[in-house]
file upload.cif (mmCIF, C-alpha atoms; chains and numbers go by the auth columns)
data_query
#
loop_
_atom_site.group_PDB
_atom_site.id
_atom_site.type_symbol
_atom_site.label_atom_id
_atom_site.label_comp_id
_atom_site.label_asym_id
_atom_site.label_seq_id
_atom_site.Cartn_x
_atom_site.Cartn_y
_atom_site.Cartn_z
_atom_site.B_iso_or_equiv
_atom_site.auth_seq_id
_atom_site.auth_asym_id
ATOM 1 C CA MET A 1 -28.246 -7.031 -4.037 0.00 23 A
ATOM 2 C CA ASN A 2 -25.757 -5.717 -1.480 0.00 24 A
ATOM 3 C CA GLU A 3 -22.958 -7.746 -3.090 0.00 25 A
ATOM 4 C CA PHE A 4 -23.900 -6.349 -6.489 0.00 26 A
ATOM 5 C CA LEU A 5 -23.707 -2.777 -5.184 0.00 27 A
ATOM 6 C CA SER A 6 -20.409 -3.488 -3.460 0.00 28 A
ATOM 7 C CA LEU A 7 -18.923 -4.975 -6.628 0.00 29 A
ATOM 8 C CA GLY A 8 -20.268 -2.056 -8.665 0.00 30 A
ATOM 9 C CA GLY A 9 -18.673 0.393 -6.247 0.00 31 A
ATOM 10 C CA LEU A 10 -15.380 -1.485 -6.435 0.00 32 A
ATOM 11 C CA PHE A 11 -15.527 -1.498 -10.236 0.00 33 A
ATOM 12 C CA LEU A 12 -16.249 2.239 -10.461 0.00 34 A
ATOM 13 C CA SER A 13 -13.543 3.004 -7.911 0.00 35 A
ATOM 14 C CA ALA A 14 -11.052 0.896 -9.874 0.00 36 A
ATOM 15 C CA VAL A 15 -11.994 2.598 -13.146 0.00 37 A
ATOM 16 C CA GLY A 16 -11.568 6.037 -11.565 0.00 38 A
ATOM 17 C CA SER A 17 -8.271 5.064 -9.957 0.00 39 A
ATOM 18 C CA ALA A 18 -6.851 4.080 -13.328 0.00 40 A
ATOM 19 C CA THR A 19 -7.632 7.370 -14.984 0.00 41 A
ATOM 20 C CA LEU A 20 -5.487 10.445 -14.759 0.00 42 A
ATOM 21 C CA LEU A 21 -7.534 11.477 -11.724 0.00 43 A
ATOM 22 C CA PRO A 22 -6.648 10.243 -8.215 0.00 44 A
ATOM 23 C CA GLY A 23 -8.616 7.305 -6.867 0.00 45 A
ATOM 24 C CA THR A 24 -8.972 4.971 -3.910 0.00 46 A
ATOM 25 C CA SER A 25 -9.670 1.487 -5.230 0.00 47 A
ATOM 26 C CA GLU A 26 -7.274 -0.103 -2.746 0.00 48 A
ATOM 27 C CA ALA A 27 -9.215 1.342 0.201 0.00 49 A
ATOM 28 C CA VAL A 28 -12.510 0.046 -1.224 0.00 50 A
ATOM 29 C CA LEU A 29 -10.960 -3.353 -1.912 0.00 51 A
ATOM 30 C CA ALA A 30 -9.445 -3.566 1.590 0.00 52 A
ATOM 31 C CA GLY A 31 -12.824 -2.727 3.119 0.00 53 A
ATOM 32 C CA LEU A 32 -14.540 -5.453 1.128 0.00 54 A
ATOM 33 C CA LEU A 33 -11.814 -7.941 2.053 0.00 55 A
ATOM 34 C CA TYR A 34 -12.295 -7.027 5.709 0.00 56 A
ATOM 35 C CA GLN A 35 -16.039 -7.654 5.443 0.00 57 A
ATOM 36 C CA GLY A 36 -15.353 -11.096 3.978 0.00 58 A
ATOM 37 C CA LEU A 37 -18.763 -11.364 2.288 0.00 59 A
ATOM 38 C CA ILE A 38 -17.608 -11.638 -1.334 0.00 60 A
ATOM 39 C CA PRO A 39 -15.232 -14.310 -2.660 0.00 61 A
ATOM 40 C CA VAL A 40 -11.668 -13.012 -2.919 0.00 62 A
ATOM 41 C CA THR A 41 -11.314 -14.204 -6.504 0.00 63 A
ATOM 42 C CA LEU A 42 -14.347 -12.188 -7.561 0.00 64 A
ATOM 43 C CA LEU A 43 -13.029 -9.078 -5.816 0.00 65 A
ATOM 44 C CA TRP A 44 -9.656 -9.545 -7.552 0.00 66 A
ATOM 45 C CA LEU A 45 -11.318 -9.964 -10.957 0.00 67 A
ATOM 46 C CA VAL A 46 -13.638 -6.959 -10.628 0.00 68 A
ATOM 47 C CA ALA A 47 -10.825 -4.686 -9.398 0.00 69 A
ATOM 48 C CA SER A 48 -8.434 -5.886 -12.115 0.00 70 A
ATOM 49 C CA VAL A 49 -10.928 -5.544 -14.968 0.00 71 A
ATOM 50 C CA GLY A 50 -12.172 -2.173 -13.711 0.00 72 A
ATOM 51 C CA ASN A 51 -8.701 -0.748 -13.281 0.00 73 A
ATOM 52 C CA SER A 52 -7.632 -2.022 -16.699 0.00 74 A
ATOM 53 C CA ALA A 53 -10.789 -0.650 -18.316 0.00 75 A
ATOM 54 C CA GLY A 54 -10.085 2.729 -16.742 0.00 76 A
ATOM 55 C CA CYS A 55 -6.746 2.781 -18.527 0.00 77 A
ATOM 56 C CA ILE A 56 -8.630 2.803 -21.820 0.00 78 A
ATOM 57 C CA ILE A 57 -9.700 6.344 -20.915 0.00 79 A
ATOM 58 C CA ASN A 58 -6.026 7.318 -20.647 0.00 80 A
ATOM 59 C CA TRP A 59 -5.315 5.514 -23.930 0.00 81 A
ATOM 60 C CA TRP A 60 -8.103 7.505 -25.614 0.00 82 A
ATOM 61 C CA VAL A 61 -6.752 10.761 -24.150 0.00 83 A
ATOM 62 C CA GLY A 62 -3.351 9.843 -25.594 0.00 84 A
ATOM 63 C CA GLY A 63 -4.930 9.495 -29.031 0.00 85 A
ATOM 64 C CA GLN A 64 -6.382 12.988 -28.558 0.00 86 A
ATOM 65 C CA LEU A 65 -3.215 14.410 -26.985 0.00 87 A
ATOM 66 C CA ASP A 66 -2.615 17.047 -29.599 0.00 88 A
ATOM 67 C CA ARG A 67 -5.980 18.560 -28.672 0.00 89 A
ATOM 68 C CA PHE A 68 -5.545 18.436 -24.859 0.00 90 A
ATOM 69 C CA LYS A 69 -1.863 18.605 -23.846 0.00 91 A
ATOM 70 C CA ASP A 70 -1.725 22.382 -23.522 0.00 92 A
ATOM 71 C CA ARG A 71 -4.852 22.626 -21.391 0.00 93 A
ATOM 72 C CA ARG A 72 -4.379 23.692 -17.790 0.00 94 A
ATOM 73 C CA TRP A 73 -6.538 20.859 -16.461 0.00 95 A
ATOM 74 C CA PHE A 74 -4.536 18.140 -18.256 0.00 96 A
ATOM 75 C CA PRO A 75 -2.991 16.214 -15.331 0.00 97 A
ATOM 76 C CA VAL A 76 0.055 14.653 -17.028 0.00 98 A
ATOM 77 C CA LYS A 77 2.933 17.086 -17.268 0.00 99 A
ATOM 78 C CA GLU A 78 5.146 17.292 -20.332 0.00 100 A
ATOM 79 C CA ASP A 79 8.206 15.890 -18.507 0.00 101 A
ATOM 80 C CA GLN A 80 6.157 12.849 -17.385 0.00 102 A
ATOM 81 C CA LEU A 81 5.042 12.279 -20.962 0.00 103 A
ATOM 82 C CA ASP A 82 8.618 12.610 -22.184 0.00 104 A
ATOM 83 C CA LYS A 83 9.843 10.008 -19.649 0.00 105 A
ATOM 84 C CA ALA A 84 7.000 7.660 -20.527 0.00 106 A
ATOM 85 C CA ALA A 85 7.676 8.083 -24.257 0.00 107 A
ATOM 86 C CA VAL A 86 11.337 7.169 -23.707 0.00 108 A
ATOM 87 C CA TRP A 87 10.314 4.052 -21.731 0.00 109 A
ATOM 88 C CA PHE A 88 7.744 3.111 -24.347 0.00 110 A
ATOM 89 C CA GLU A 89 10.186 3.545 -27.211 0.00 111 A
ATOM 90 C CA LYS A 90 12.982 1.729 -25.350 0.00 112 A
ATOM 91 C CA TYR A 91 10.987 -1.179 -23.884 0.00 113 A
ATOM 92 C CA GLY A 92 8.048 -1.212 -26.280 0.00 114 A
ATOM 93 C CA ARG A 93 4.659 -2.590 -25.467 0.00 115 A
ATOM 94 C CA LEU A 94 5.958 -4.623 -22.526 0.00 116 A
ATOM 95 C CA SER A 95 6.430 -1.378 -20.622 0.00 117 A
ATOM 96 C CA LEU A 96 2.642 -1.439 -20.181 0.00 118 A
ATOM 97 C CA LEU A 97 3.116 -4.249 -17.656 0.00 119 A
ATOM 98 C CA LEU A 98 4.196 -1.364 -15.409 0.00 120 A
ATOM 99 C CA ALA A 99 1.012 0.652 -15.945 0.00 121 A
ATOM 100 C CA TRP A 100 0.268 0.173 -12.232 0.00 122 A
ATOM 101 C CA VAL A 101 3.329 2.202 -11.156 0.00 123 A
ATOM 102 C CA PRO A 102 2.289 5.565 -9.686 0.00 124 A
ATOM 103 C CA VAL A 103 2.761 8.644 -11.897 0.00 125 A
ATOM 104 C CA VAL A 104 4.665 7.003 -14.779 0.00 126 A
ATOM 105 C CA GLY A 105 2.029 4.277 -15.234 0.00 127 A
ATOM 106 C CA ASP A 106 -0.684 6.749 -16.180 0.00 128 A
ATOM 107 C CA ALA A 107 1.702 8.468 -18.543 0.00 129 A
ATOM 108 C CA LEU A 108 2.597 5.125 -20.171 0.00 130 A
ATOM 109 C CA THR A 109 -1.048 4.442 -20.933 0.00 131 A
ATOM 110 C CA VAL A 110 -1.434 7.912 -22.422 0.00 132 A
ATOM 111 C CA VAL A 111 1.690 7.422 -24.559 0.00 133 A
ATOM 112 C CA ALA A 112 0.327 4.080 -25.823 0.00 134 A
ATOM 113 C CA GLY A 113 -2.678 5.997 -27.138 0.00 135 A
ATOM 114 C CA LEU A 114 -0.443 8.698 -28.545 0.00 136 A
ATOM 115 C CA PHE A 115 1.501 6.036 -30.458 0.00 137 A
ATOM 116 C CA ARG A 116 -1.816 4.562 -31.670 0.00 138 A
ATOM 117 C CA MET A 117 -1.281 1.127 -30.108 0.00 139 A
ATOM 118 C CA HIS A 118 -4.169 -1.233 -30.878 0.00 140 A
ATOM 119 C CA VAL A 119 -6.580 -1.429 -27.930 0.00 141 A
ATOM 120 C CA VAL A 120 -6.691 -5.255 -27.570 0.00 142 A
ATOM 121 C CA PRO A 121 -2.969 -5.876 -26.905 0.00 143 A
ATOM 122 C CA PHE A 122 -2.982 -2.675 -24.849 0.00 144 A
ATOM 123 C CA PHE A 123 -5.757 -4.008 -22.607 0.00 145 A
ATOM 124 C CA VAL A 124 -4.156 -7.462 -22.271 0.00 146 A
ATOM 125 C CA LEU A 125 -0.771 -6.087 -21.183 0.00 147 A
ATOM 126 C CA VAL A 126 -2.286 -3.554 -18.809 0.00 148 A
ATOM 127 C CA PHE A 127 -4.555 -6.248 -17.336 0.00 149 A
ATOM 128 C CA ILE A 128 -1.620 -8.591 -16.640 0.00 150 A
ATOM 129 C CA GLY A 129 0.238 -5.891 -14.700 0.00 151 A
ATOM 130 C CA LYS A 130 -2.823 -4.587 -12.859 0.00 152 A
ATOM 131 C CA ALA A 131 -4.041 -8.101 -11.986 0.00 153 A
ATOM 132 C CA ALA A 132 -0.629 -9.019 -10.581 0.00 154 A
ATOM 133 C CA ARG A 133 -0.569 -5.845 -8.486 0.00 155 A
ATOM 134 C CA TYR A 134 -4.051 -6.479 -7.104 0.00 156 A
ATOM 135 C CA ALA A 135 -3.114 -10.100 -6.335 0.00 157 A
ATOM 136 C CA VAL A 136 -0.134 -8.913 -4.284 0.00 158 A
ATOM 137 C CA PHE A 137 -2.248 -6.224 -2.603 0.00 159 A
ATOM 138 C CA ILE A 138 -4.939 -8.767 -1.694 0.00 160 A
ATOM 139 C CA TRP A 139 -2.388 -11.224 -0.328 0.00 161 A
ATOM 140 C CA LEU A 140 -0.732 -8.532 1.802 0.00 162 A
ATOM 141 C CA THR A 141 -4.095 -7.268 3.040 0.00 163 A
ATOM 142 C CA ILE A 142 -5.235 -10.764 4.018 0.00 164 A
ATOM 143 C CA GLN A 143 -1.935 -11.330 5.835 0.00 165 A
ATOM 144 C CA ALA A 144 -2.407 -8.069 7.736 0.00 166 A
ATOM 145 C CA LEU A 145 -6.019 -8.905 8.615 0.00 167 A
ATOM 146 C CA GLU A 146 -5.036 -12.354 9.853 0.00 168 A
ATOM 147 C CA ALA A 147 -2.179 -10.910 11.920 0.00 169 A
ATOM 148 C CA ALA A 148 -4.516 -8.326 13.450 0.00 170 A
ATOM 149 C CA ALA A 149 -7.013 -11.067 14.348 0.00 171 A
ATOM 150 C CA ASN A 150 -4.365 -13.038 16.248 0.00 172 A
#

call {"tool": "encode", "arguments": {"input": "upload.cif", "output": "structure tokens"}}
result
Amino acid sequence: MNEFLSLGGLFLSAVGSATLLPGTSEAVLAGLLYQGLIPVTLLWLVASVGNSAGCIINWWVGGQLDRFKDRRWFPVKEDQLDKAAVWFEKYGRLSLLLAWVPVVGDALTVVAGLFRMHVVPFFVLVFIGKAARYAVFIWLTIQALEAAAN
């Protein structure tokens, strides 16, 4: 039961971190890695799927952009959207492999929705980039934990 709650917390944190709102999935993941109670592969998978699923919220917002872009609460600024649109037009769908990059990554996922990209290839590309980032983060965290133990 405790593992289930921990994985659920990691998933929700990863979803929130992928949206246009700030999140802390790396801190949750590092804490769970430190505890060492859940297999690393499962932690990687839950974080990667959750973070990629959270990007679907951004994609949906992009599809609704005309309705929301002028709202004060809308967290992506027009210049960020313009930069992301240039990247997306220049590099195409493969730019979504960089959806994990701070600031511009969120904007890329919004622009993909704005350009009405189909959700399945969107999710696959975002997942590849997010999963690679989490794999590197996990490896670095494990290295740091091992160094601290010695």

call {"tool": "closest_residue", "arguments": {"input": "upload.cif", "among": "A:Leu59, A:Leu65, A:Leu29, A:Leu136", "to": "Phe159 in chain A", "atoms": "only C-alpha atoms"}}
result
A:Leu65

call {"tool": "resolve_selection", "arguments": {"input": "upload.cif", "expression": "the PyMOL selection byres ((chain A and resi 110) around 12)", "output": "PyMOL selection string"}}
result
chain A and resi 103-109+111-121+126-127+129-137+139

call {"tool": "resolve_selection", "arguments": {"input": "upload.cif", "expression": "the PyMOL selection byres ((chain A and resi 30) around 12)", "output": "PyMOL selection string"}}
result
chain A and resi 23-29+31-37+47+50-51+54+64-65+68-69+71-72

call {"tool": "closest_residue", "arguments": {"input": "upload.cif", "among": "A:Asp101, A:Asp128, A:Glu48, A:Asp92", "to": "Cys77 in chain A", "atoms": "all atoms listed in the file"}}
result
A:Asp128

call {"tool": "atom_distance", "arguments": {"input": "upload.cif", "atom1": "CA of Val142 in chain A", "atom2": "CA of Val123 in chain A"}}
result
20.6 Å

call {"tool": "residues_around", "arguments": {"input": "upload.cif", "residues": "Ile164 in chain A", "least_positions_apart": "2", "cutoff": "12 Å", "atoms": "only C-alpha atoms", "output": "ChimeraX atom specification"}}
result
/A:51-58,62,156-162,166-171

call {"tool": "atom_distance", "arguments": {"input": "upload.cif", "atom1": "CA of Ala154 in chain A", "atom2": "CA of Trp66 in chain A"}}
result
9.5 Å

call {"tool": "atom_distance", "arguments": {"input": "upload.cif", "atom1": "CA of Phe149 in chain A", "atom2": "CA of Phe90 in chain A"}}
result
25.8 Å

call {"tool": "residues_around", "arguments": {"input": "upload.cif", "residues": "Ser70 in chain A", "least_positions_apart": "3", "cutoff": "6 Å", "atoms": "all atoms listed in the file", "output": "list of chain:residue names"}}
result
A:Trp66, A:Leu67, A:Asn73, A:Lys152, A:Ala153

call {"tool": "closest_residue", "arguments": {"input": "upload.cif", "among": "A:Ile60, A:Val125, A:Leu147, A:Val141", "to": "Gly84 in chain A", "atoms": "all atoms listed in the file"}}
result
A:Val141

call {"tool": "closest_residue", "arguments": {"input": "upload.cif", "among": "A:Ser74, A:Thr46, A:Thr63, A:Thr41", "to": "Phe96 in chain A", "atoms": "all atoms listed in the file"}}
result
A:Thr41

call {"tool": "closest_residue", "arguments": {"input": "upload.cif", "among": "A:Arg155, A:Arg138, A:Gln165, A:Gln102", "to": "Gln86 in chain A", "atoms": "all atoms listed in the file"}}
result
A:Arg138
